[in-house]
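The structure appears right after this line, and notes come after that.
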Amino acid sequence: MLTEPRSGLLASWGNALIAGLVSPDEAVLAVVGEDAVHRVEGLPGESAPVGLTLALGRLRALGATGLRVALPAPGHPLGLSGPPEFNARALEAEEAVVCHGVALGLVPEVYKAGPEGDVHVEVVWHCLPVREAPPADVPSLGEAERELAEALREATQILSRLDVAGSGPVAEAAVDAYRARAERGREVLAPGYPPRAVRVLELAQRVALLISVAYENGHGGAVSASEMAARHEALRPVERTARRAQVAAYNAFVEERERGVR
């Protein structure tokens with residue numbers, strides 16, 4: 001139902017590795033997760049795809065001092081700075097990682113094979129040039145936290161009025177299940193992130209989960225065309241706000257470095 005973006009994992013643990021807070025093996029294990037393997041294609045100086053350990057080391061040697069996340073959607077190039085070729089590929093994947101300190105970005109392409117229940121997943125990260133410019137529409141952590149709290153209140157009121165499944169017991173059960181999984185050892189962010197970033201990401205993930213439940217459990221009591229349209233209108237800005245908050249949380253490590261906090 002709710003999956004953490006691979007770009008978030010790569011940026012989070014890549015930042016911890018670059019800062020010397022985790023070992024290469026720890027970082028790669030956390031990024032790959034349940035996937036079979038991750039490779040990086042198009043890395044400068046490499047004629048063939050390479051593993052994540054070598055790729056992260058090479059990016060650091062090329063000048064990367066941090067990794068940012070982009071989570072774009074149609075009409076919303078969140079976290080991107082160009083050029084058009086990179087933006088188009090990132091938009092198709094709905095996520096990307098942008099290096100800070102070197103004009104390169106990474107876009108994942110996922111390959112799946114095997115029967116249901118035994119799916120083999122391989123990920124190829126395409127390394128491409130990016131434009132060195134401020135990322136689009138990324139709020140500060142403080143802005144993201146305020147926007148998210150306000151959007152969640154407004155959306156909950158609207159969804160409850162429309163009797164949408166995502167605002168009732170089904171949603172709460174899903175959130176409880178998600179929390180139980182999280183308490184079994186999943187780290188929200190890699191070591192080195194400020195507590196506020198962890199808090200913002202947890203809230204953004206909770207909001208994203210509620211939106212997912214609302215979409216997956218039908219229309220609830222919103223049976224008329226106008227009510228269904230109202231439901232989508234209520235969810236759309238909240239979904240955007242949740243994505244903005246996720247990006248702000250993942251990017252907090254680099255933002256603090258830029259401000260000289262670390």
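Each chain of the structure tokens is named A, B, ... in the order shown, its residues numbered from 1; ligands are numbered from 1 in display order.
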Give me, as a PyMOL selection string, the residues of region 23-261 of chain A that a backbone DSSP run labels helix (DSSP H, G or I).
chain A and resi 24-32+52-62+84-93+141-161+165-167+169-183+195-216+225-250+252-258
Practice item. Just the residues within 8 Å of region 141-151 of chain A, please, counting only C-alpha atoms, with nothing from its chain fewer than 4 positions along; format it as a PyMOL selection string. Key: chain A and resi 155+196-197+200+203-204+237-238+241-242+244-245+248-249+252
The selected residues should be written to file as a CSV table (one decimal), in the first residue's frame (atoms: N, CA, C and O atoms).
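The result, stored in out16.csv:
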```csv
chain,number,residue,atom,x,y,z
A,155,ALA,N,-8.4,18.3,4.8
A,155,ALA,CA,-8.8,17.1,4.1
A,155,ALA,C,-9.6,16.2,4.9
A,155,ALA,O,-10.6,15.6,4.4
A,196,ARG,N,13.7,16.8,13.4
A,196,ARG,CA,12.5,17.4,12.7
A,196,ARG,C,12.3,16.8,11.4
A,196,ARG,O,11.1,16.6,11.0
A,197,ALA,N,13.3,16.4,10.7
A,197,ALA,CA,13.2,15.8,9.4
A,197,ALA,C,12.5,14.4,9.5
A,197,ALA,O,11.6,14.0,8.7
A,200,VAL,N,8.8,15.1,10.2
A,200,VAL,CA,8.1,15.6,9.0
A,200,VAL,C,7.8,14.4,8.1
A,200,VAL,O,6.7,14.2,7.5
A,203,LEU,N,5.0,12.1,9.4
A,203,LEU,CA,3.7,12.7,9.1
A,203,LEU,C,3.3,12.6,7.7
A,203,LEU,O,2.2,12.3,7.3
A,204,ALA,N,4.3,12.9,6.8
A,204,ALA,CA,4.0,12.9,5.4
A,204,ALA,C,3.7,11.4,4.9
A,204,ALA,O,2.8,11.2,4.1
A,237,PRO,N,-4.6,18.4,-3.5
A,237,PRO,CA,-3.6,19.3,-2.9
A,237,PRO,C,-3.0,18.6,-1.7
A,237,PRO,O,-1.8,18.9,-1.4
A,238,VAL,N,-3.6,17.7,-1.0
A,238,VAL,CA,-3.0,17.1,0.2
A,238,VAL,C,-1.9,16.1,-0.3
A,238,VAL,O,-0.9,16.0,0.3
A,241,THR,N,1.0,18.2,-1.1
A,241,THR,CA,1.6,18.7,0.1
A,241,THR,C,2.5,17.6,0.7
A,241,THR,O,3.6,17.8,1.2
A,242,ALA,N,1.9,16.4,0.7
A,242,ALA,CA,2.7,15.2,1.3
A,242,ALA,C,3.9,15.0,0.5
A,242,ALA,O,5.0,14.7,1.2
A,244,ARG,N,5.7,17.2,-1.2
A,244,ARG,CA,6.6,18.3,-0.9
A,244,ARG,C,7.3,18.1,0.5
A,244,ARG,O,8.5,18.3,0.6
A,245,ALA,N,6.5,17.6,1.4
A,245,ALA,CA,7.0,17.4,2.8
A,245,ALA,C,8.1,16.2,2.7
A,245,ALA,O,9.1,16.3,3.4
A,248,ALA,N,11.2,17.6,1.3
A,248,ALA,CA,11.9,18.5,2.3
A,248,ALA,C,12.6,17.7,3.4
A,248,ALA,O,13.7,18.0,3.8
A,249,ALA,N,12.0,16.6,3.8
A,249,ALA,CA,12.6,15.7,4.8
A,249,ALA,C,13.9,15.0,4.3
A,249,ALA,O,14.9,15.1,4.9
A,252,ALA,N,16.8,17.4,3.8
A,252,ALA,CA,17.2,18.2,5.0
A,252,ALA,C,18.7,18.1,5.3
A,252,ALA,O,19.4,19.0,5.8
```
Could the residues of region 79-108 of chain A that have an atom at most 10 Å from region 41-44 of chain A be listed as JSON lines, each with its closest atom pair and the distance in Å to one decimal, counting only C-alpha atoms and ordered by chain and ascending residue number?
```
{"residue": "A:Leu104", "atom": "CA", "partner": "A:Leu43", "partner_atom": "CA", "distance": 9.0}
{"residue": "A:Gly105", "atom": "CA", "partner": "A:Leu43", "partner_atom": "CA", "distance": 9.9}
{"residue": "A:Leu106", "atom": "CA", "partner": "A:Glu41", "partner_atom": "CA", "distance": 9.1}
{"residue": "A:Val107", "atom": "CA", "partner": "A:Glu41", "partner_atom": "CA", "distance": 9.9}
{"residue": "A:Pro108", "atom": "CA", "partner": "A:Glu41", "partner_atom": "CA", "distance": 9.9}
```
**OP:** Write out as a PyMOL selection string which residues come within 7 Å of Val247 (chain A) when counting only C-alpha atoms, dropping same-chain ones fewer than 5 positions away.
**Re:** chain A and resi 69-71+138
For all heavy atoms, I'd like the residues from the last selection saved as a short mmCIF file (atom, residue, chain, number, x, y, z; two decimals), in the first residue's frame.
```cif
data_model
loop_
_atom_site.label_atom_id
_atom_site.label_comp_id
_atom_site.auth_asym_id
_atom_site.auth_seq_id
_atom_site.Cartn_x
_atom_site.Cartn_y
_atom_site.Cartn_z
N VAL A 69 16.42 14.52 -3.25
CA VAL A 69 15.35 13.73 -3.84
C VAL A 69 14.43 14.62 -4.66
O VAL A 69 14.18 15.77 -4.30
CB VAL A 69 14.53 13.03 -2.73
CG1 VAL A 69 13.24 12.41 -3.29
CG2 VAL A 69 15.37 11.94 -2.08
N ALA A 70 13.93 14.09 -5.76
CA ALA A 70 12.87 14.72 -6.55
C ALA A 70 11.73 13.73 -6.67
O ALA A 70 11.96 12.55 -6.95
CB ALA A 70 13.38 15.12 -7.94
N LEU A 71 10.49 14.20 -6.44
CA LEU A 71 9.30 13.35 -6.58
C LEU A 71 8.29 14.07 -7.48
O LEU A 71 7.24 14.52 -7.03
CB LEU A 71 8.68 13.06 -5.20
CG LEU A 71 9.53 12.27 -4.20
CD1 LEU A 71 8.79 12.13 -2.88
CD2 LEU A 71 9.89 10.90 -4.76
N VAL A 138 10.60 23.15 -3.57
CA VAL A 138 10.92 22.40 -2.36
C VAL A 138 10.85 23.34 -1.15
O VAL A 138 11.60 24.31 -1.08
CB VAL A 138 12.32 21.76 -2.45
CG1 VAL A 138 12.64 21.03 -1.16
CG2 VAL A 138 12.37 20.79 -3.64
#
```
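Within the 7 Å cut-off around Gly101 (chain A), using only C-alpha atoms and omitting residues fewer than 2 positions from it on the same chain, the listed residues are Gly63, Ala64, Thr65, Cys99 and Ala103 of chain A.
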Selection to disk with all heavy atoms, as an mmCIF file, in the first residue's frame:
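Result file is selection_18.cif:
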```cif
data_model
loop_
_atom_site.group_PDB
_atom_site.id
_atom_site.type_symbol
_atom_site.label_atom_id
_atom_site.label_comp_id
_atom_site.auth_asym_id
_atom_site.auth_seq_id
_atom_site.Cartn_x
_atom_site.Cartn_y
_atom_site.Cartn_z
ATOM 1 N N GLY A 63 32.964 14.631 -6.675
ATOM 2 C CA GLY A 63 32.644 15.896 -6.022
ATOM 3 C C GLY A 63 31.296 15.963 -5.341
ATOM 4 O O GLY A 63 30.921 17.005 -4.796
ATOM 5 N N ALA A 64 30.531 14.865 -5.344
ATOM 6 C CA ALA A 64 29.216 14.874 -4.698
ATOM 7 C C ALA A 64 29.378 15.006 -3.190
ATOM 8 O O ALA A 64 30.081 14.212 -2.561
ATOM 9 C CB ALA A 64 28.451 13.603 -5.043
ATOM 10 N N THR A 65 28.744 16.013 -2.622
ATOM 11 C CA THR A 65 28.784 16.219 -1.178
ATOM 12 C C THR A 65 27.446 15.909 -0.517
ATOM 13 O O THR A 65 27.302 16.036 0.695
ATOM 14 C CB THR A 65 29.167 17.674 -0.860
ATOM 15 O OG1 THR A 65 28.232 18.563 -1.499
ATOM 16 C CG2 THR A 65 30.570 17.981 -1.350
ATOM 17 N N CYS A 99 22.412 14.916 -7.427
ATOM 18 C CA CYS A 99 23.636 15.093 -6.647
ATOM 19 C C CYS A 99 23.882 16.572 -6.343
ATOM 20 O O CYS A 99 23.616 17.439 -7.173
ATOM 21 C CB CYS A 99 24.840 14.527 -7.399
ATOM 22 S SG CYS A 99 24.736 12.751 -7.726
ATOM 23 N N ALA A 103 27.187 17.916 -11.183
ATOM 24 C CA ALA A 103 25.972 18.061 -11.994
ATOM 25 C C ALA A 103 25.529 16.732 -12.589
ATOM 26 O O ALA A 103 25.532 16.517 -13.803
ATOM 27 C CB ALA A 103 26.202 19.085 -13.100
#
```
Please identify all polymer residues within 10 Å of region 74-79 of chain A, counting only C-alpha atoms, omitting same-chain residues fewer than 5 positions from it, and present them as an mmCIF file with N, CA and C atoms, in the first residue's frame.
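Output file part.cif is given in full below:
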```
data_model
loop_
_atom_site.group_PDB
_atom_site.id
_atom_site.type_symbol
_atom_site.label_atom_id
_atom_site.label_comp_id
_atom_site.auth_asym_id
_atom_site.auth_seq_id
_atom_site.Cartn_x
_atom_site.Cartn_y
_atom_site.Cartn_z
ATOM 1 N N ARG A 68 20.046 14.800 -3.115
ATOM 2 C CA ARG A 68 18.687 15.311 -2.930
ATOM 3 C C ARG A 68 17.693 14.399 -3.639
ATOM 4 N N VAL A 69 16.424 14.523 -3.250
ATOM 5 C CA VAL A 69 15.346 13.732 -3.839
ATOM 6 C C VAL A 69 14.430 14.622 -4.660
ATOM 7 N N ASN A 87 14.473 15.777 -16.686
ATOM 8 C CA ASN A 87 13.144 15.974 -16.116
ATOM 9 C C ASN A 87 12.135 14.982 -16.675
ATOM 10 N N ALA A 88 12.196 14.745 -17.993
ATOM 11 C CA ALA A 88 11.242 13.834 -18.631
ATOM 12 C C ALA A 88 11.418 12.419 -18.089
ATOM 13 N N ALA A 90 12.744 11.561 -15.186
ATOM 14 C CA ALA A 90 12.353 11.556 -13.784
ATOM 15 C C ALA A 90 10.836 11.565 -13.638
ATOM 16 N N LEU A 91 10.165 12.313 -14.496
ATOM 17 C CA LEU A 91 8.706 12.370 -14.447
ATOM 18 C C LEU A 91 8.099 11.014 -14.774
ATOM 19 N N GLU A 92 8.692 10.323 -15.732
ATOM 20 C CA GLU A 92 8.197 8.991 -16.089
ATOM 21 C C GLU A 92 8.360 8.021 -14.912
ATOM 22 N N GLU A 94 8.622 9.011 -11.779
ATOM 23 C CA GLU A 94 7.985 9.663 -10.642
ATOM 24 C C GLU A 94 8.947 9.852 -9.474
ATOM 25 N N GLU A 95 10.255 9.755 -9.747
ATOM 26 C CA GLU A 95 11.249 10.000 -8.698
ATOM 27 C C GLU A 95 12.633 10.084 -9.317
ATOM 28 N N ALA A 96 13.544 10.693 -8.567
ATOM 29 C CA ALA A 96 14.938 10.801 -9.007
ATOM 30 C C ALA A 96 15.783 11.256 -7.836
ATOM 31 N N VAL A 97 17.093 11.081 -7.992
ATOM 32 C CA VAL A 97 18.070 11.590 -7.027
ATOM 33 C C VAL A 97 18.951 12.586 -7.768
ATOM 34 N N VAL A 98 19.182 13.745 -7.161
ATOM 35 C CA VAL A 98 20.020 14.782 -7.766
ATOM 36 C C VAL A 98 21.223 15.015 -6.863
ATOM 37 N N PRO A 134 18.629 25.811 -8.311
ATOM 38 C CA PRO A 134 17.779 25.443 -7.175
ATOM 39 C C PRO A 134 16.658 24.506 -7.612
ATOM 40 N N PRO A 135 16.363 23.458 -6.826
ATOM 41 C CA PRO A 135 15.284 22.532 -7.183
ATOM 42 C C PRO A 135 13.919 23.197 -7.094
ATOM 43 N N ALA A 136 12.998 22.736 -7.932
ATOM 44 C CA ALA A 136 11.679 23.369 -8.032
ATOM 45 C C ALA A 136 10.785 23.030 -6.846
ATOM 46 N N ASP A 137 10.202 24.078 -6.243
ATOM 47 C CA ASP A 137 9.076 23.963 -5.313
ATOM 48 C C ASP A 137 9.364 23.159 -4.052
ATOM 49 N N VAL A 138 10.601 23.154 -3.574
ATOM 50 C CA VAL A 138 10.922 22.400 -2.357
ATOM 51 C C VAL A 138 10.851 23.341 -1.153
ATOM 52 N N PRO A 139 9.967 23.061 -0.188
ATOM 53 C CA PRO A 139 9.842 23.939 0.978
ATOM 54 C C PRO A 139 10.907 23.633 2.019
ATOM 55 N N ARG A 240 -0.161 16.499 -2.992
ATOM 56 C CA ARG A 240 0.965 17.351 -3.387
ATOM 57 C C ARG A 240 1.732 17.826 -2.160
ATOM 58 N N ARG A 243 3.905 15.069 -0.769
ATOM 59 C CA ARG A 243 5.108 14.851 -1.567
ATOM 60 C C ARG A 243 6.132 15.957 -1.299
ATOM 61 N N ARG A 244 5.664 17.202 -1.207
ATOM 62 C CA ARG A 244 6.575 18.319 -0.895
ATOM 63 C C ARG A 244 7.252 18.094 0.455
ATOM 64 N N VAL A 247 9.983 15.356 0.232
ATOM 65 C CA VAL A 247 11.202 15.870 -0.390
ATOM 66 C C VAL A 247 11.958 16.764 0.590
ATOM 67 N N ALA A 248 11.246 17.611 1.305
ATOM 68 C CA ALA A 248 11.899 18.484 2.286
ATOM 69 C C ALA A 248 12.626 17.669 3.354
ATOM 70 N N ASN A 251 15.731 15.923 1.876
ATOM 71 C CA ASN A 251 16.746 16.897 1.475
ATOM 72 C C ASN A 251 17.316 17.687 2.652
#
```
Between CA of Ile18 (chain A) and CA of Pro72 (chain A) lies a distance of 24.9 Å
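Rounded to one decimal, CA of Leu128 (chain A) and CA of Val102 (chain A) lie 11.1 Å from each other.
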For Tyr250 (chain A), the closest of A:Ala225, A:Leu62, A:Val124, A:Ala190 counting only C-alpha atoms is A:Ala190
